[in-house]
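Okay, so here's the structure we're looking at.
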Amino acid sequence: MQRSTLLRGTAVTGAVAIALTLTSCAGSAAESAPAASSDMEIGSVDLSADCPSTIVVQTDWNPEAEHGHLYEMIKDDYEIDANTKAVTGPLMSDGEYTGVNLEIRAGGPAIGFQTVSAQMYQDDAITLGYISTDEAIQLSSTTPTKAVFAPLDISPTMVMWDPETYPDVKTIDDVKGALSANGGVWRYFDGSAYIEYLKSAGLADSAILDGSYDGTPSNFVAAGGKDMQQGFASAEPYVYQNEVSAWGKPVDFALIHDAGWQTYQSSVSVKADKFDELSPCLSKLVPVLQKAGVAYYKDPSAANDLILKLVDEYATGWTYTQGVADYSVKTQVDLGLVGNGPDSTYGNFDDDRFADFFDKAGKVYTDLGTPPASGYTPADLYTNEFIDTSISF
């Protein structure tokens, strides 16, 4: 089963909020050595006095390379729980123990496909969660969160097409006219907020839109190149060319980001009401997250080995191969999906970009009946105060 990119973190409208029931997958409860040990020597970064003894991070999908910065912080001494879809081990920074554990939880099917925001508010054990900016804006009235670190600078969400059918399509500006002329549709996951933005910007309309995308390649393949489809630029182009045998050829794509919907995908966030309490921890932890991201993209091999092992152990029905992981890392770097952004710092938020997106998304969600919380401003949704500006690629 291929990944549905919406379930991988794209915000949805309130009218189509997902309420699927999680079916547990059997598997070994734990393996490898025990987690953090009291006799481990703490290194130069000591989180034990300011952070929870186990920092729990709720991700937005199955383990994958876009989450590599997290798995970079867990080395050989870990436990896997295949029932809860979580891995726990000593939290390491630059090869040194920080005095606390890190627990990384899978999202998507592991949490019944509900939003990470909802999961955080249901489980007080969760310290941090992956919340995209559009989700944070949409749900600010019900499950408010605040972002403290941006592992991805640009969202991988894209629309893809067959270059043999559409050789002249290069950008999203070209998509509407090309599909209309050819009688094709843009298949997306129903409720994706970026679609509403594209409609309001005149870049898409109901005549070319089909909200029946279910995360599998079957309809795209059956259309024989006539239709276009949403996906992740850091995965589907490789998968469709190399792992979908019924297709087996290249696809072209355009990033939704380049059309103006510039959400921060999978931002590491805390519940708004826990921000003050966790601030002493975050002041030390966020630079550790930054360093881990830089280290991962320099040498992703160990973290990717763990990611592949976890996908196998969790057995959610989703596949992820070494080829996809390698492609993802390279593509994230090559396309600037991960990087320093417009300045020389990794992991921070651009103030002007955030403010612009807040206005765009706020209008979209207001029109859809789920406006941002009354009186909210961008400053309520993110902060750069814990970022170490000296850390960069």
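To be explicit about the labels: the chains of the structure tokens are called A, B, and onward in the order shown, and within each one the residues are counted from 1, while ligands get numbers from 1 in the order they are shown.
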
**Item:** Residue list (strand (DSSP E), DSSP) for region 66-241 of chain A, as a ChimeraX atom specification
**Value:** /A:79-81,86-93,96-105,128-131,145-149,157-161,186-187,209-210,228-232

**Request:** Extract, using only C-alpha atoms, all DNA, RNA and protein residues at most 7 Å from region 348-359 of chain A, discarding same-chain residues fewer than 5 positions from it, and format them as a ChimeraX atom specification.
**Result:** /A:149-150,261-263,378,384,387

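Close contacts of Lys330 (chain A), defined as residues with an atom at most 9 Å away when counting only C-alpha atoms, with chain neighbours fewer than 5 positions off set aside, comprise Ser234, Tyr297, Ala325 and Leu335 of chain A.
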
Keeping C-alpha atoms for every residue in the selection just given, could you write it to a file as a short mmCIF file (atom, residue, chain, number, x, y, z; two decimals), in the first residue's frame?
data_model
loop_
_atom_site.label_atom_id
_atom_site.label_comp_id
_atom_site.auth_asym_id
_atom_site.auth_seq_id
_atom_site.Cartn_x
_atom_site.Cartn_y
_atom_site.Cartn_z
CA SER A 234 10.54 13.11 -1.89
CA TYR A 297 21.75 14.63 6.14
CA ALA A 325 14.96 6.32 1.68
CA LEU A 335 15.09 20.61 -3.92
#

**Message:** I want to know what sits within 12 Å of Gln58 (chain A), based on only C-alpha atoms, with residues of the same chain fewer than 5 positions away left out; could you give that as a ChimeraX atom specification?
**Reply:** /A:9,63,67,70,84-87,102-108,110-111,114-131,266-271

I need the chosen residues saved as a compact mmCIF listing (two decimals), in the first residue's frame, with N, CA and C atoms.
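And here is the file that came out, result.txt:
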# COMPACT_ATOMS: atom_id res chain seq x y z
N GLY A 9 0.20 14.22 6.78
CA GLY A 9 0.36 15.51 7.44
C GLY A 9 -0.33 16.68 6.80
N PRO A 63 7.50 5.60 10.04
CA PRO A 63 8.89 6.05 9.97
C PRO A 63 9.35 6.22 8.52
N HIS A 67 11.63 12.04 8.62
CA HIS A 67 11.73 12.05 10.08
C HIS A 67 13.14 11.73 10.56
N LEU A 70 14.94 12.79 13.87
CA LEU A 70 14.56 12.17 15.14
C LEU A 70 15.30 10.87 15.37
N THR A 84 2.42 -0.77 19.93
CA THR A 84 2.09 0.66 20.00
C THR A 84 2.77 1.45 18.89
N LYS A 85 3.63 0.81 18.12
CA LYS A 85 4.36 1.45 17.01
C LYS A 85 5.25 2.58 17.54
N ALA A 86 6.13 2.21 18.47
CA ALA A 86 7.02 3.19 19.07
C ALA A 86 8.39 2.59 19.29
N VAL A 87 9.41 3.44 19.27
CA VAL A 87 10.77 3.03 19.59
C VAL A 87 11.28 3.99 20.67
N LEU A 102 14.33 9.14 24.64
CA LEU A 102 13.51 9.64 23.54
C LEU A 102 12.60 8.52 23.08
N GLU A 103 11.30 8.79 23.03
CA GLU A 103 10.34 7.85 22.48
C GLU A 103 9.73 8.46 21.23
N ILE A 104 9.85 7.77 20.11
CA ILE A 104 9.31 8.25 18.83
C ILE A 104 8.14 7.37 18.45
N ARG A 105 6.97 7.97 18.30
CA ARG A 105 5.75 7.23 17.98
C ARG A 105 5.35 7.46 16.53
N ALA A 106 4.95 6.39 15.87
CA ALA A 106 4.45 6.50 14.50
C ALA A 106 3.08 7.13 14.49
N GLY A 107 2.75 7.79 13.37
CA GLY A 107 1.43 8.38 13.19
C GLY A 107 0.66 7.66 12.10
N GLY A 108 -0.29 8.37 11.47
CA GLY A 108 -1.08 7.74 10.41
C GLY A 108 -1.88 6.57 10.93
N ALA A 110 -1.07 4.24 12.87
CA ALA A 110 -0.81 3.92 14.27
C ALA A 110 -1.70 4.69 15.23
N ILE A 111 -2.26 5.83 14.78
CA ILE A 111 -3.14 6.62 15.64
C ILE A 111 -4.52 6.78 15.01
N GLN A 114 -5.96 9.99 12.79
CA GLN A 114 -6.43 11.28 13.28
C GLN A 114 -5.27 12.27 13.27
N THR A 115 -5.57 13.54 13.48
CA THR A 115 -4.52 14.55 13.47
C THR A 115 -3.60 14.36 14.67
N VAL A 116 -2.36 14.81 14.50
CA VAL A 116 -1.41 14.77 15.61
C VAL A 116 -1.89 15.69 16.73
N SER A 117 -2.50 16.81 16.36
CA SER A 117 -3.02 17.73 17.38
C SER A 117 -4.00 17.02 18.30
N ALA A 118 -4.92 16.28 17.70
CA ALA A 118 -5.92 15.57 18.51
C ALA A 118 -5.25 14.54 19.40
N GLN A 119 -4.27 13.83 18.86
CA GLN A 119 -3.58 12.81 19.64
C GLN A 119 -2.84 13.42 20.82
N MET A 120 -2.24 14.57 20.62
CA MET A 120 -1.52 15.24 21.71
C MET A 120 -2.46 15.63 22.84
N TYR A 121 -3.66 16.05 22.49
CA TYR A 121 -4.62 16.47 23.51
C TYR A 121 -5.30 15.29 24.18
N GLN A 122 -5.19 14.12 23.59
CA GLN A 122 -5.74 12.92 24.22
C GLN A 122 -4.74 12.22 25.14
N ASP A 123 -3.46 12.48 24.93
CA ASP A 123 -2.42 11.76 25.66
C ASP A 123 -1.41 12.75 26.23
N ASP A 124 -1.47 12.99 27.52
CA ASP A 124 -0.59 13.96 28.16
C ASP A 124 0.86 13.52 28.18
N ALA A 125 1.13 12.26 27.87
CA ALA A 125 2.52 11.80 27.86
C ALA A 125 3.30 12.35 26.67
N ILE A 126 2.60 12.82 25.66
CA ILE A 126 3.26 13.33 24.46
C ILE A 126 3.85 14.71 24.75
N THR A 127 5.13 14.85 24.51
CA THR A 127 5.83 16.11 24.74
C THR A 127 5.76 17.02 23.52
N LEU A 128 6.04 16.43 22.36
CA LEU A 128 6.14 17.18 21.11
C LEU A 128 5.40 16.43 20.01
N GLY A 129 4.91 17.17 19.02
CA GLY A 129 4.23 16.53 17.90
C GLY A 129 4.55 17.22 16.60
N TYR A 130 4.40 16.49 15.51
CA TYR A 130 4.58 17.06 14.17
C TYR A 130 3.28 17.73 13.74
N ILE A 131 3.27 19.05 13.69
CA ILE A 131 2.07 19.80 13.32
C ILE A 131 2.41 20.73 12.16
N SER A 266 5.20 19.39 9.10
CA SER A 266 5.71 18.59 10.22
C SER A 266 6.55 19.39 11.20
N SER A 267 6.12 20.60 11.51
CA SER A 267 6.85 21.41 12.48
C SER A 267 6.78 20.77 13.87
N VAL A 268 7.89 20.72 14.56
CA VAL A 268 7.93 20.17 15.91
C VAL A 268 7.27 21.18 16.85
N SER A 269 6.20 20.74 17.52
CA SER A 269 5.34 21.66 18.25
C SER A 269 4.97 21.12 19.63
N VAL A 270 4.56 22.03 20.50
CA VAL A 270 4.06 21.67 21.82
C VAL A 270 2.62 22.15 21.95
N LYS A 271 1.89 21.56 22.88
CA LYS A 271 0.57 22.10 23.18
C LYS A 271 0.74 23.52 23.73

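Residue nearest Val56 (chain A) within the list A:Met160, A:Leu91, A:Val286, A:Ile80: A:Leu91 [criterion: smallest interatomic distance, only C-alpha atoms].
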
**Item:** Nearest to Asp312 (chain A), chosen from A:Ile55, A:Val244, A:Ala82, A:Val45, with only C-alpha atoms counted in the distances
**Value:**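 Result for the nearest residue to Asp312 (chain A): A:Ala82.
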
**Message:** Please report the interatomic distance between CA of Ala181 (chain A) and CA of Glu164 (chain A) in Å with one decimal.
**Reply:** 15.2 Å
